[in-house]
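Next comes entry.csv, a file with CSV, C-alpha atoms and all ligand atoms.
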```csv
chain,number,residue,atom,x,y,z
A,240,MET,CA,0.0,0.0,0.0
A,241,ALA,CA,1.4,3.4,-1.1
A,242,GLY,CA,1.3,5.5,2.0
A,243,ILE,CA,2.8,8.9,0.9
A,244,TRP,CA,0.7,10.5,-1.8
A,245,VAL,CA,1.9,13.3,-4.1
A,246,TYR,CA,-0.8,15.5,-5.8
A,247,ALA,CA,0.6,16.3,-9.3
A,248,ASP,CA,-0.5,19.6,-10.7
A,249,ASN,CA,2.8,20.8,-12.1
A,250,PRO,CA,5.4,18.4,-13.7
A,251,SER,CA,8.6,20.0,-12.3
A,252,LEU,CA,7.2,20.5,-8.8
A,253,THR,CA,5.9,16.9,-8.8
A,254,LEU,CA,9.5,15.7,-9.2
A,255,GLU,CA,10.5,17.8,-6.2
A,256,LEU,CA,7.5,16.4,-4.2
A,257,LEU,CA,8.6,12.8,-5.2
A,258,THR,CA,12.0,13.5,-3.6
A,259,ALA,CA,10.2,14.6,-0.4
A,260,ALA,CA,7.9,11.6,-0.5
A,261,SER,CA,10.7,9.1,-1.0
A,262,SER,CA,12.6,10.7,1.9
A,263,ILE,CA,9.9,9.8,4.4
A,264,ALA,CA,8.4,6.7,2.8
A,265,GLU,CA,11.5,4.7,3.7
A,266,GLY,CA,11.3,5.6,7.3
A,267,LEU,CA,7.6,4.8,7.5
A,268,LYS,CA,8.3,1.5,5.5
A,269,THR,CA,5.7,2.4,2.9
A,270,GLY,CA,5.4,3.3,-0.7
A,271,VAL,CA,4.8,6.4,-2.8
A,272,ALA,CA,1.8,7.2,-5.0
A,273,VAL,CA,1.1,10.1,-7.4
A,274,ILE,CA,-2.4,11.4,-8.0
A,275,LEU,CA,-2.4,12.6,-11.6
A,276,SER,CA,-5.0,15.0,-12.7
A,277,HIS,CA,-3.8,15.9,-16.2
A,278,ASP,CA,-0.9,14.9,-18.4
A,279,ARG,CA,-2.1,11.3,-17.8
A,280,ASP,CA,0.7,10.0,-20.2
A,281,ARG,CA,3.2,11.1,-17.5
A,282,ALA,CA,2.3,8.1,-15.3
A,283,GLN,CA,5.3,6.1,-16.3
A,284,ASP,CA,7.6,9.1,-15.9
A,285,TYR,CA,6.5,9.4,-12.3
A,286,ILE,CA,6.9,5.7,-11.7
A,287,ASP,CA,10.5,6.0,-13.0
A,288,CYS,CA,11.0,8.8,-10.6
A,289,GLY,CA,9.9,6.9,-7.5
A,290,ALA,CA,6.1,6.4,-7.5
A,291,ASP,CA,4.9,2.8,-6.8
A,292,GLU,CA,1.4,3.7,-7.8
A,293,VAL,CA,-0.3,6.3,-9.9
A,294,PHE,CA,-4.0,7.3,-9.4
A,295,LEU,CA,-5.5,8.8,-12.5
A,296,LEU,CA,-8.1,11.4,-12.1
A,297,PRO,CA,-10.5,11.8,-15.0
A,298,PRO,CA,-10.2,15.0,-17.1
A,299,LEU,CA,-12.5,17.8,-16.0
A,300,SER,CA,-14.9,19.7,-18.3
A,301,GLY,CA,-14.0,23.3,-19.1
A,302,ASP,CA,-16.1,25.0,-16.5
A,303,ARG,CA,-14.7,23.0,-13.6
A,304,SER,CA,-11.6,23.6,-11.6
A,305,ALA,CA,-9.0,21.3,-9.9
A,306,GLY,CA,-10.6,22.1,-6.5
A,307,ASP,CA,-13.5,19.9,-7.7
A,308,TYR,CA,-11.2,16.8,-7.3
A,309,ALA,CA,-11.1,17.3,-3.5
A,310,PRO,CA,-14.0,15.0,-2.7
A,311,VAL,CA,-12.5,12.2,-4.9
A,312,ILE,CA,-9.1,12.5,-3.3
A,313,ALA,CA,-10.7,12.6,0.2
A,314,ASP,CA,-12.8,9.5,-0.6
A,315,ALA,CA,-9.7,7.7,-1.9
A,316,ALA,CA,-7.8,8.7,1.2
A,317,ARG,CA,-10.6,7.4,3.5
A,318,GLU,CA,-10.5,4.1,1.7
A,319,LYS,CA,-6.7,3.6,1.3
A,320,LYS,CA,-5.5,5.4,4.4
A,321,PRO,CA,-2.3,7.1,3.3
A,322,ASP,CA,0.1,8.5,5.9
A,323,ALA,CA,0.5,11.8,4.1
A,324,ILE,CA,-0.6,13.8,1.1
A,325,LEU,CA,2.0,16.3,-0.3
A,326,VAL,CA,0.9,19.1,-2.5
A,327,ALA,CA,2.9,21.8,-4.2
A,328,GLY,CA,2.6,25.2,-2.6
A,329,THR,CA,1.1,26.8,-5.7
A,330,SER,CA,-2.2,28.8,-5.5
A,331,GLY,CA,-4.1,25.8,-6.9
A,332,GLY,CA,-2.2,23.4,-4.7
A,333,LYS,CA,-2.9,25.3,-1.6
A,334,GLU,CA,-6.6,25.4,-2.5
A,335,ILE,CA,-6.9,21.6,-3.0
A,336,ALA,CA,-4.8,20.8,0.1
A,337,ALA,CA,-7.0,22.9,2.3
A,338,ARG,CA,-10.2,21.4,0.8
A,339,VAL,CA,-9.0,17.8,1.2
A,340,ALA,CA,-7.7,18.5,4.8
A,341,ALA,CA,-11.1,20.0,5.7
A,342,ARG,CA,-13.0,17.0,4.3
A,343,LEU,CA,-10.8,14.6,6.2
A,344,ASP,CA,-10.8,16.7,9.3
A,345,THR,CA,-7.1,16.4,9.5
A,346,GLY,CA,-4.0,18.7,9.9
A,347,LEU,CA,-2.3,20.7,7.2
A,348,CYS,CA,1.2,22.0,7.4
A,349,GLY,CA,1.4,25.0,5.1
A,350,ASN,CA,4.8,26.0,3.6
A,351,CYS,CA,6.6,22.9,4.9
A,352,ILE,CA,10.3,23.2,4.2
A,353,SER,CA,11.5,19.8,5.4
A,354,MET,CA,10.1,16.6,6.9
A,355,SER,CA,11.3,13.6,8.8
A,356,VAL,CA,10.1,10.5,10.6
A,357,GLU,CA,10.7,10.5,14.4
A,358,GLY,CA,9.6,7.1,15.9
A,359,ASP,CA,6.3,6.4,14.2
A,360,SER,CA,5.5,10.1,13.8
A,361,LEU,CA,5.8,12.3,10.8
A,362,VAL,CA,7.4,15.7,11.7
A,363,MET,CA,7.5,18.7,9.5
A,364,ASP,CA,9.3,22.0,9.7
A,365,ARG,CA,7.9,25.3,8.5
A,366,PHE,CA,9.1,29.0,8.8
A,367,MET,CA,7.3,31.3,11.1
A,368,TYR,CA,7.4,35.0,11.8
A,369,GLY,CA,8.6,35.8,8.3
A,370,GLY,CA,11.4,33.3,8.5
A,371,ALA,CA,12.8,34.4,11.9
A,372,ALA,CA,11.9,31.0,13.5
A,373,VAL,CA,11.2,27.4,12.4
A,374,GLN,CA,8.2,25.6,13.8
A,375,LYS,CA,8.2,21.8,14.2
A,376,VAL,CA,4.9,20.2,13.6
A,377,ALA,CA,4.2,16.6,14.7
A,378,PHE,CA,1.0,15.1,13.2
A,379,MET,CA,-1.4,13.3,15.6
A,380,ALA,CA,-3.9,12.4,12.8
A,381,LYS,CA,-3.6,10.8,9.5
A,382,PRO,CA,-3.2,11.6,6.7
A,383,ALA,CA,-0.9,14.5,7.3
A,384,LEU,CA,-1.4,17.1,4.6
A,385,ALA,CA,1.4,19.5,3.6
A,386,THR,CA,2.0,22.1,1.0
A,387,ILE,CA,5.6,22.4,0.0
A,388,PRO,CA,7.1,25.5,-1.6
A,389,PRO,CA,9.0,25.3,-4.9
A,390,ARG,CA,12.6,24.3,-4.6
A,391,ALA,CA,12.4,23.0,-1.0
A,392,TYR,CA,13.6,19.7,-2.5
A,393,GLU,CA,15.8,18.7,-5.5
A,394,PRO,CA,13.8,17.1,-8.3
A,395,SER,CA,13.8,13.3,-8.3
A,396,ARG,CA,15.8,11.6,-11.0
A,397,PRO,CA,14.4,8.8,-13.1
A,398,THR,CA,15.5,5.1,-12.8
A,399,PRO,CA,14.1,3.8,-16.1
A,400,GLY,CA,12.4,0.4,-15.9
A,401,ARG,CA,10.7,0.8,-12.5
A,402,GLN,CA,7.4,-1.0,-12.2
A,403,GLY,CA,4.3,0.5,-10.7
A,404,LYS,CA,0.5,0.1,-10.7
A,405,VAL,CA,-1.9,2.5,-12.4
A,406,GLU,CA,-5.4,2.9,-11.0
A,407,GLU,CA,-8.3,5.1,-12.2
A,408,LEU,CA,-10.2,7.2,-9.7
A,409,PRO,CA,-13.9,8.1,-10.3
A,410,ALA,CA,-15.1,11.4,-11.7
A,411,PRO,CA,-15.9,14.1,-9.1
A,412,PRO,CA,-19.5,14.7,-8.2
A,413,ILE,CA,-21.5,17.6,-9.6
A,414,SER,CA,-20.2,20.7,-8.0
A,415,GLY,CA,-22.5,23.3,-6.3
A,416,ILE,CA,-20.3,26.0,-7.9
A,417,LYS,CA,-20.6,27.0,-11.5
A,418,VAL,CA,-17.7,29.1,-13.0
A,419,ALA,CA,-19.3,32.0,-14.8
A,420,GLY,CA,-16.0,33.0,-16.6
A,421,ARG,CA,-12.3,33.1,-16.3
A,422,ARG,CA,-10.0,36.1,-16.8
A,423,GLY,CA,-6.2,35.7,-16.6
A,424,ARG,CA,-4.4,38.1,-14.4
A,425,GLU,CA,-2.6,40.7,-16.5
A,426,LYS,CA,1.2,40.1,-16.3
A,427,ARG,CA,2.8,43.5,-16.2
A,428,THR,CA,6.4,42.5,-15.8
A,429,GLU,CA,9.0,39.8,-16.0
A,430,ASP,CA,9.3,36.9,-13.5
A,431,ILE,CA,12.3,37.7,-11.3
A,432,SER,CA,12.1,34.6,-9.2
A,433,GLU,CA,14.6,32.8,-11.3
A,434,ALA,CA,16.9,35.8,-12.1
A,435,GLN,CA,20.6,35.3,-11.4
A,436,VAL,CA,21.2,38.9,-10.5
A,437,VAL,CA,18.6,41.0,-8.7
A,438,VAL,CA,19.0,44.7,-8.1
A,439,CYS,CA,16.4,45.7,-5.4
A,440,ALA,CA,15.3,49.3,-5.1
A,441,GLY,CA,14.2,50.4,-1.7
A,442,ARG,CA,12.7,53.6,-0.2
A,443,GLY,CA,16.1,55.2,-0.2
A,444,PHE,CA,15.4,56.4,-3.7
A,445,GLU,CA,13.9,59.8,-3.7
A,446,LYS,CA,12.1,59.8,-7.0
A,447,LYS,CA,10.7,57.3,-9.4
A,448,GLU,CA,12.9,58.5,-12.2
A,449,ASP,CA,16.0,57.7,-10.1
A,450,LEU,CA,15.1,54.0,-10.4
A,451,ALA,CA,16.7,54.2,-13.9
A,452,MET,CA,20.0,53.9,-12.1
A,453,ALA,CA,18.9,50.6,-10.6
A,454,ARG,CA,17.7,49.4,-14.0
A,455,GLU,CA,21.1,50.4,-15.6
A,456,ILE,CA,23.0,48.4,-13.0
A,457,ALA,CA,20.7,45.5,-13.5
A,458,ASP,CA,21.2,45.7,-17.3
A,459,LEU,CA,25.0,45.9,-17.0
A,460,LEU,CA,25.0,42.8,-14.7
A,461,GLY,CA,22.5,40.9,-16.9
A,462,GLY,CA,20.0,40.9,-14.1
A,463,SER,CA,16.5,42.1,-13.1
A,464,VAL,CA,15.1,44.8,-10.9
A,465,GLY,CA,13.0,44.0,-7.8
A,466,CYS,CA,11.8,46.3,-5.0
A,467,THR,CA,10.7,46.5,-1.4
A,468,ARG,CA,7.0,46.7,-0.5
A,469,PRO,CA,6.8,50.4,0.0
A,470,VAL,CA,8.2,51.0,-3.5
A,471,SER,CA,5.5,48.9,-5.1
A,472,GLU,CA,2.6,49.2,-2.7
A,473,GLU,CA,2.9,52.7,-1.3
A,474,LEU,CA,4.7,54.6,-3.9
A,475,HIS,CA,3.5,52.5,-6.9
A,476,TRP,CA,6.8,53.1,-8.7
A,477,LEU,CA,7.0,49.4,-9.7
A,478,PRO,CA,4.4,46.6,-10.0
A,479,GLU,CA,3.7,44.5,-7.0
A,480,GLU,CA,4.9,41.4,-8.8
A,481,LEU,CA,8.4,42.8,-8.2
A,482,CYS,CA,8.0,43.1,-4.5
A,483,ILE,CA,10.5,40.8,-2.7
A,484,GLY,CA,9.7,39.4,0.7
A,485,LEU,CA,7.1,37.9,3.0
A,486,SER,CA,4.1,39.3,1.1
A,487,GLY,CA,5.9,39.3,-2.2
A,488,ILE,CA,8.1,36.8,-4.0
A,489,GLU,CA,11.2,34.8,-3.0
A,490,VAL,CA,14.3,35.2,-5.1
A,491,LYS,CA,17.4,33.1,-5.2
A,492,PRO,CA,19.9,34.9,-7.3
A,493,ALA,CA,23.7,34.4,-7.4
A,494,LEU,CA,23.9,38.1,-6.5
A,495,TYR,CA,21.4,40.3,-4.7
A,496,LEU,CA,22.1,44.1,-4.5
A,497,GLY,CA,19.8,46.0,-2.2
A,498,ILE,CA,20.0,49.8,-2.8
A,499,GLY,CA,18.4,52.1,-0.2
A,500,VAL,CA,16.9,49.0,1.4
A,501,SER,CA,16.8,48.9,5.2
A,502,GLY,CA,16.6,45.1,5.4
A,503,GLN,CA,13.6,44.5,7.6
A,504,ILE,CA,12.8,40.8,8.4
A,505,GLN,CA,9.7,40.9,6.1
A,506,HIS,CA,12.0,41.8,3.2
A,507,VAL,CA,15.0,39.6,3.9
A,508,THR,CA,12.9,36.5,4.2
A,509,GLY,CA,12.6,36.8,0.4
A,510,ILE,CA,16.3,36.7,-0.2
A,511,ARG,CA,17.2,33.9,2.2
A,512,ASP,CA,18.4,31.7,-0.7
A,513,ALA,CA,20.5,34.5,-2.4
A,514,LYS,CA,24.1,33.3,-2.7
A,515,ILE,CA,25.7,36.7,-2.3
A,516,VAL,CA,23.9,39.6,-0.6
A,517,SER,CA,25.3,43.1,-1.1
A,518,ALA,CA,23.9,46.5,-0.2
A,519,VAL,CA,24.3,50.2,-0.6
A,520,ASN,CA,22.9,52.2,2.3
A,521,LYS,CA,23.9,55.5,3.9
A,522,ASP,CA,23.1,54.1,7.4
A,523,GLU,CA,25.9,51.9,8.7
A,524,ASN,CA,23.5,50.4,11.2
A,525,ALA,CA,20.9,49.4,8.7
A,526,PRO,CA,19.8,45.8,9.3
A,527,ILE,CA,20.6,44.8,5.7
A,528,PHE,CA,24.3,44.9,6.6
A,529,ALA,CA,23.7,42.2,9.2
A,530,VAL,CA,22.7,39.8,6.5
A,531,ALA,CA,25.0,41.2,3.7
A,532,ASP,CA,28.2,39.5,2.6
A,533,MET,CA,29.5,42.9,1.4
A,534,GLY,CA,28.2,46.4,1.3
A,535,ILE,CA,28.9,50.1,0.8
A,536,VAL,CA,28.0,52.6,3.4
A,537,GLY,CA,27.2,55.7,1.4
A,538,ASP,CA,24.7,57.9,-0.3
A,539,LEU,CA,23.3,56.0,-3.2
A,540,TYR,CA,23.3,59.2,-5.3
A,541,GLU,CA,27.0,59.3,-5.0
A,542,VAL,CA,27.7,55.6,-5.0
A,543,LEU,CA,25.5,54.5,-8.0
A,544,PRO,CA,27.0,56.8,-10.7
A,545,LYS,CA,30.5,55.6,-9.7
A,546,LEU,CA,29.3,52.0,-9.7
A,547,ILE,CA,27.7,52.4,-13.1
A,548,SER,CA,30.8,53.9,-14.6
A,549,ALA,CA,33.0,51.2,-13.1
A,550,LEU,CA,30.8,48.5,-14.5
A,551,LYS,CA,30.8,50.1,-17.9
A,552,LYS,CA,34.6,50.3,-17.8
A,553,ALA,CA,34.8,46.7,-16.7
A,554,LYS,CA,32.6,45.7,-19.6
A,555,GLY,CA,34.8,47.7,-22.0
B,601,LIG,C1,2.9,41.8,7.5
B,601,LIG,C2,4.0,42.6,6.7
B,601,LIG,C3,4.5,42.1,5.5
B,601,LIG,C4,5.5,42.8,4.9
B,601,LIG,N1,5.9,42.2,3.7
B,601,LIG,C5,7.0,42.9,3.1
B,601,LIG,C6,7.5,42.3,1.9
B,601,LIG,O1,7.1,41.3,1.4
B,601,LIG,N2,8.6,43.0,1.3
B,601,LIG,C7,9.1,44.1,1.8
B,601,LIG,O2,10.0,44.7,1.3
B,601,LIG,N3,8.6,44.7,2.9
B,601,LIG,C8,7.5,44.1,3.6
B,601,LIG,N4,7.0,44.6,4.7
B,601,LIG,C9,7.5,46.0,5.1
B,601,LIG,C10,8.8,45.9,5.8
B,601,LIG,O3,8.5,45.7,7.2
B,601,LIG,C11,9.6,47.2,5.6
B,601,LIG,O4,8.8,48.3,6.0
B,601,LIG,C12,10.1,47.4,4.2
B,601,LIG,O5,10.7,46.3,3.8
B,601,LIG,C13,11.0,48.6,4.2
B,601,LIG,O6,11.3,49.0,2.9
B,601,LIG,P1,12.5,49.8,2.5
B,601,LIG,O7,13.8,49.1,3.0
B,601,LIG,O8,12.5,50.1,1.1
B,601,LIG,O9,12.3,51.2,3.3
B,601,LIG,P2,12.9,51.8,4.6
B,601,LIG,O10,12.7,50.8,5.8
B,601,LIG,O11,12.3,53.1,4.8
B,601,LIG,O12,14.4,51.9,4.4
B,601,LIG,C14,15.0,52.8,3.5
B,601,LIG,C15,16.5,52.7,3.7
B,601,LIG,O13,17.1,53.5,2.7
B,601,LIG,C16,18.2,54.1,3.3
B,601,LIG,N5,18.5,55.3,2.6
B,601,LIG,C17,17.7,56.5,2.6
B,601,LIG,N6,18.3,57.4,1.7
B,601,LIG,C18,19.4,56.8,1.2
B,601,LIG,C19,20.4,57.3,0.3
B,601,LIG,N7,20.3,58.5,-0.3
B,601,LIG,N8,21.4,56.5,0.0
B,601,LIG,C20,21.5,55.2,0.6
B,601,LIG,N9,20.6,54.7,1.5
B,601,LIG,C21,19.5,55.5,1.8
B,601,LIG,C22,17.9,54.3,4.7
B,601,LIG,O14,19.0,54.4,5.6
B,601,LIG,C23,17.0,53.1,5.0
B,601,LIG,O15,17.8,52.0,5.6
B,601,LIG,C24,6.0,44.0,5.4
B,601,LIG,C25,5.5,44.5,6.6
B,601,LIG,C26,4.5,43.8,7.3
B,601,LIG,C27,4.0,44.3,8.6
```
So that I can check it, write out the structure of this file as structure tokens.
Ligand SMILES: Cc1cc2nc3c(=O)[nH]c(=O)nc-3n(C[C@H](O)[C@H](O)[C@H](O)COP(=O)(O)OP(=O)(O)OC[C@H]3O[C@@H](n4cnc5c(N)ncnc54)[C@H](O)[C@@H]3O)c2cc1C
Amino acid sequence: MAGIWVYADNPSLTLELLTAASSIAEGLKTGVAVILSHDRDRAQDYIDCGADEVFLLPPLSGDRSAGDYAPVIADAAREKKPDAILVAGTSGGKEIAARVAARLDTGLCGNCISMSVEGDSLVMDRFMYGGAAVQKVAFMAKPALATIPPRAYEPSRPTPGRQGKVEELPAPPISGIKVAGRRGREKRTEDISEAQVVVCAGRGFEKKEDLAMAREIADLLGGSVGCTRPVSEELHWLPEELCIGLSGIEVKPALYLGIGVSGQIQHVTGIRDAKIVSAVNKDENAPIFAVADMGIVGDLYEVLPKLISALKKAKG
């Protein structure tokens, strides 16, 4: 019986969840199953990457959403009694995890960053207080539900030739909700979550036009521009998709450069995985320097023109 289930709604994240699932399945002496809602022809790929079973959900008609699968997954869990159900921490994943947990009246660890088996119990870690503390969650009820953020685990690698079972799950019941229409959110900017260099503009800039200096440095370094929350939410100088931190996005560049950024916890939680953190700030006591690998104490209006000309010179 496969006791750790992975809900697959995104191929690359499913491979990361498979690594997480395999890491605990061994300790619980159980197997791994994938619940596959679309891309049904990927079943063998997931078996190659560690699944012992694949549960195929039937395709949904156009006016239904993945959340409608919750009753089917909950019924299957009641019957097969998995130890845990792992779901990617995407917006759709969070919705389905919450719905399944509610139906099963069980616990859900949101934003789980690691998990282990202690005795017979499954224990999960998640960040609290914007990343300032780690909370340990031990599950008393089964199955344990968890949403796992992208990149918490390495993707599982295939071992071709693995064998696994494939089983069809029934169609979801008629939903009480009818979707009247769908409208994609307008994307106003690039995705900086994968950028290798992020130049982050903070409230130290005096005018919107001055952000051109941050943009020029980003261009010279082949990177992207991000910002702190006041710059997007209060000043509206940049779109909110570029806000880095607790209420924005997480970035993991090779180089982060914060300019006029104080470095409050709600911001630096979004740069935890940056390899090198650097900063320009006129206040030598700014908290950003406590997390920076290098920095310049100085007025950005004096430092940036020099930095731009040095970068131009270096580039020839
Ligand atoms: C629930 C909650 C969630 C939040 N989520 C986020 C989030 O996701 N992301 C986020 O960024 N914030 C978030 N915040 C806000 C956060 O607490 C800080 O207020 C914010 O990060 C500060 O932005 P800042 O560094 O641009 O501005 P400030 O804190 O005002 O800092 C400006 C810095 O610029 C420096 N400076 C000023 N002039 C110059 C100059 N000429 N040259 C050089 N340096 C100069 C100053 O010394 C100062 O350190 C959140 C807050 C709450 C309560």
What's around Arg303 of chain A at 10 Å? Count only C-alpha atoms, leave out sequence neighbours fewer than 4 positions away in its own chain, and write the answer as a PyMOL selection string. chain A and resi 298-299+307-308+413-414+416-418
Take the selection from the previous step and output its residues with C-alpha atoms, as a PDB file, in the frame of the given file.
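So result36.pdb came out as:
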```pdb
ATOM      1  CA  PRO A 298     -10.200  15.000 -17.100  1.00  0.00           C
ATOM      2  CA  LEU A 299     -12.500  17.800 -16.000  1.00  0.00           C
ATOM      3  CA  ASP A 307     -13.500  19.900  -7.700  1.00  0.00           C
ATOM      4  CA  TYR A 308     -11.200  16.800  -7.300  1.00  0.00           C
ATOM      5  CA  ILE A 413     -21.500  17.600  -9.600  1.00  0.00           C
ATOM      6  CA  SER A 414     -20.200  20.700  -8.000  1.00  0.00           C
ATOM      7  CA  ILE A 416     -20.300  26.000  -7.900  1.00  0.00           C
ATOM      8  CA  LYS A 417     -20.600  27.000 -11.500  1.00  0.00           C
ATOM      9  CA  VAL A 418     -17.700  29.100 -13.000  1.00  0.00           C
TER      10      VAL A 418
END
```
Surroundings of ligand LIG 601 (chain B) up to 7 Å, based on all atoms listed in the file, as JSON, numbers by chain: {"A": [440, 441, 442, 443, 444, 466, 467, 468, 469, 470, 482, 483, 484, 485, 486, 487, 498, 499, 500, 501, 502, 503, 504, 505, 506, 519, 520, 521, 522, 525, 537, 538, 539, 540]}
Same residues, C-alpha atoms, output as a compact mmCIF listing (two decimals), in the frame of the given file:
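Generated output (part07.txt):
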```txt
# COMPACT_ATOMS: atom_id res chain seq x y z
CA ALA A 440 15.30 49.30 -5.10
CA GLY A 441 14.20 50.40 -1.70
CA ARG A 442 12.70 53.60 -0.20
CA GLY A 443 16.10 55.20 -0.20
CA PHE A 444 15.40 56.40 -3.70
CA CYS A 466 11.80 46.30 -5.00
CA THR A 467 10.70 46.50 -1.40
CA ARG A 468 7.00 46.70 -0.50
CA PRO A 469 6.80 50.40 0.00
CA VAL A 470 8.20 51.00 -3.50
CA CYS A 482 8.00 43.10 -4.50
CA ILE A 483 10.50 40.80 -2.70
CA GLY A 484 9.70 39.40 0.70
CA LEU A 485 7.10 37.90 3.00
CA SER A 486 4.10 39.30 1.10
CA GLY A 487 5.90 39.30 -2.20
CA ILE A 498 20.00 49.80 -2.80
CA GLY A 499 18.40 52.10 -0.20
CA VAL A 500 16.90 49.00 1.40
CA SER A 501 16.80 48.90 5.20
CA GLY A 502 16.60 45.10 5.40
CA GLN A 503 13.60 44.50 7.60
CA ILE A 504 12.80 40.80 8.40
CA GLN A 505 9.70 40.90 6.10
CA HIS A 506 12.00 41.80 3.20
CA VAL A 519 24.30 50.20 -0.60
CA ASN A 520 22.90 52.20 2.30
CA LYS A 521 23.90 55.50 3.90
CA ASP A 522 23.10 54.10 7.40
CA ALA A 525 20.90 49.40 8.70
CA GLY A 537 27.20 55.70 1.40
CA ASP A 538 24.70 57.90 -0.30
CA LEU A 539 23.30 56.00 -3.20
CA TYR A 540 23.30 59.20 -5.30
```
If we count all atoms listed in the file and set the cut-off at 10 Å, which residues sit around Gly461 of chain A, ignoring sequence neighbours fewer than 4 positions away in its own chain? Please answer as a PyMOL selection string. chain A and resi 434-437+455-457
Near-Leu275 of chain A list (9 Å; all atoms listed in the file; drop same-chain fewer than 5 positions) as JSON, numbers by chain: {"A": [245, 246, 247, 248, 281, 282, 293, 294, 295, 296, 297]}
For the selection just defined, write its residues with C-alpha atoms to a file, as a CSV table (one decimal), in the coordinates of the input.
```csv
chain,number,residue,atom,x,y,z
A,245,VAL,CA,1.9,13.3,-4.1
A,246,TYR,CA,-0.8,15.5,-5.8
A,247,ALA,CA,0.6,16.3,-9.3
A,248,ASP,CA,-0.5,19.6,-10.7
A,281,ARG,CA,3.2,11.1,-17.5
A,282,ALA,CA,2.3,8.1,-15.3
A,293,VAL,CA,-0.3,6.3,-9.9
A,294,PHE,CA,-4.0,7.3,-9.4
A,295,LEU,CA,-5.5,8.8,-12.5
A,296,LEU,CA,-8.1,11.4,-12.1
A,297,PRO,CA,-10.5,11.8,-15.0
```
For Cys348 of chain A, please output as a PyMOL selection string all residues within 12 Å (counting all atoms listed in the file; exclusion window: fewer than 4 positions along the same chain). chain A and resi 323-328+333+336-337+340+352-354+361-367+374-378+382-388
Export, as a CSV table (one decimal), in the coordinates of the input, the selected residues with C-alpha atoms.
```csv
chain,number,residue,atom,x,y,z
A,323,ALA,CA,0.5,11.8,4.1
A,324,ILE,CA,-0.6,13.8,1.1
A,325,LEU,CA,2.0,16.3,-0.3
A,326,VAL,CA,0.9,19.1,-2.5
A,327,ALA,CA,2.9,21.8,-4.2
A,328,GLY,CA,2.6,25.2,-2.6
A,333,LYS,CA,-2.9,25.3,-1.6
A,336,ALA,CA,-4.8,20.8,0.1
A,337,ALA,CA,-7.0,22.9,2.3
A,340,ALA,CA,-7.7,18.5,4.8
A,352,ILE,CA,10.3,23.2,4.2
A,353,SER,CA,11.5,19.8,5.4
A,354,MET,CA,10.1,16.6,6.9
A,361,LEU,CA,5.8,12.3,10.8
A,362,VAL,CA,7.4,15.7,11.7
A,363,MET,CA,7.5,18.7,9.5
A,364,ASP,CA,9.3,22.0,9.7
A,365,ARG,CA,7.9,25.3,8.5
A,366,PHE,CA,9.1,29.0,8.8
A,367,MET,CA,7.3,31.3,11.1
A,374,GLN,CA,8.2,25.6,13.8
A,375,LYS,CA,8.2,21.8,14.2
A,376,VAL,CA,4.9,20.2,13.6
A,377,ALA,CA,4.2,16.6,14.7
A,378,PHE,CA,1.0,15.1,13.2
A,382,PRO,CA,-3.2,11.6,6.7
A,383,ALA,CA,-0.9,14.5,7.3
A,384,LEU,CA,-1.4,17.1,4.6
A,385,ALA,CA,1.4,19.5,3.6
A,386,THR,CA,2.0,22.1,1.0
A,387,ILE,CA,5.6,22.4,0.0
A,388,PRO,CA,7.1,25.5,-1.6
```
Atom CA of Ile488 of chain A and atom CA of Ser432 of chain A, how far apart in Å? 6.9 Å
So, with only C-alpha atoms as the atoms that count, which of A:Val536, A:Ala264, A:Val438, A:Ala313 lies closest to Asp458 of chain A? A:Val438
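What separates atom CA of Ala513 of chain A from atom CA of Pro544 of chain A is a distance of 24.7 Å.
We find atom CA of Leu543 of chain A and atom CA of Ser517 of chain A to be spaced 13.3 Å apart.
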Find the residue from A:Gly465, A:Gly400, A:Gly509, A:Pro321 that sits nearest to Glu429 of chain A; use all atoms listed in the file when measuring. A:Gly465
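Residue nearest Lys491 of chain A within the list A:Arg511, A:Lys446, A:Arg279, A:Arg422: A:Arg511 [criterion: smallest interatomic distance, all atoms listed in the file].
Nearest residue to Val273 of chain A among A:Asp302, A:Glu292, A:Glu406, A:Asp449 is A:Glu292, counting only C-alpha atoms.
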Just the residues within 10 Å of Pro412 of chain A, please, counting only C-alpha atoms, with nothing from its chain fewer than 3 positions along; format it as a PyMOL selection string. chain A and resi 307-311+409+415
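Between Thr398 of chain A and the residues A:Ser262, A:Gln283, A:Ser276, A:Ser251, the shortest atom-to-atom distance, using all atoms listed in the file, involves A:Gln283.
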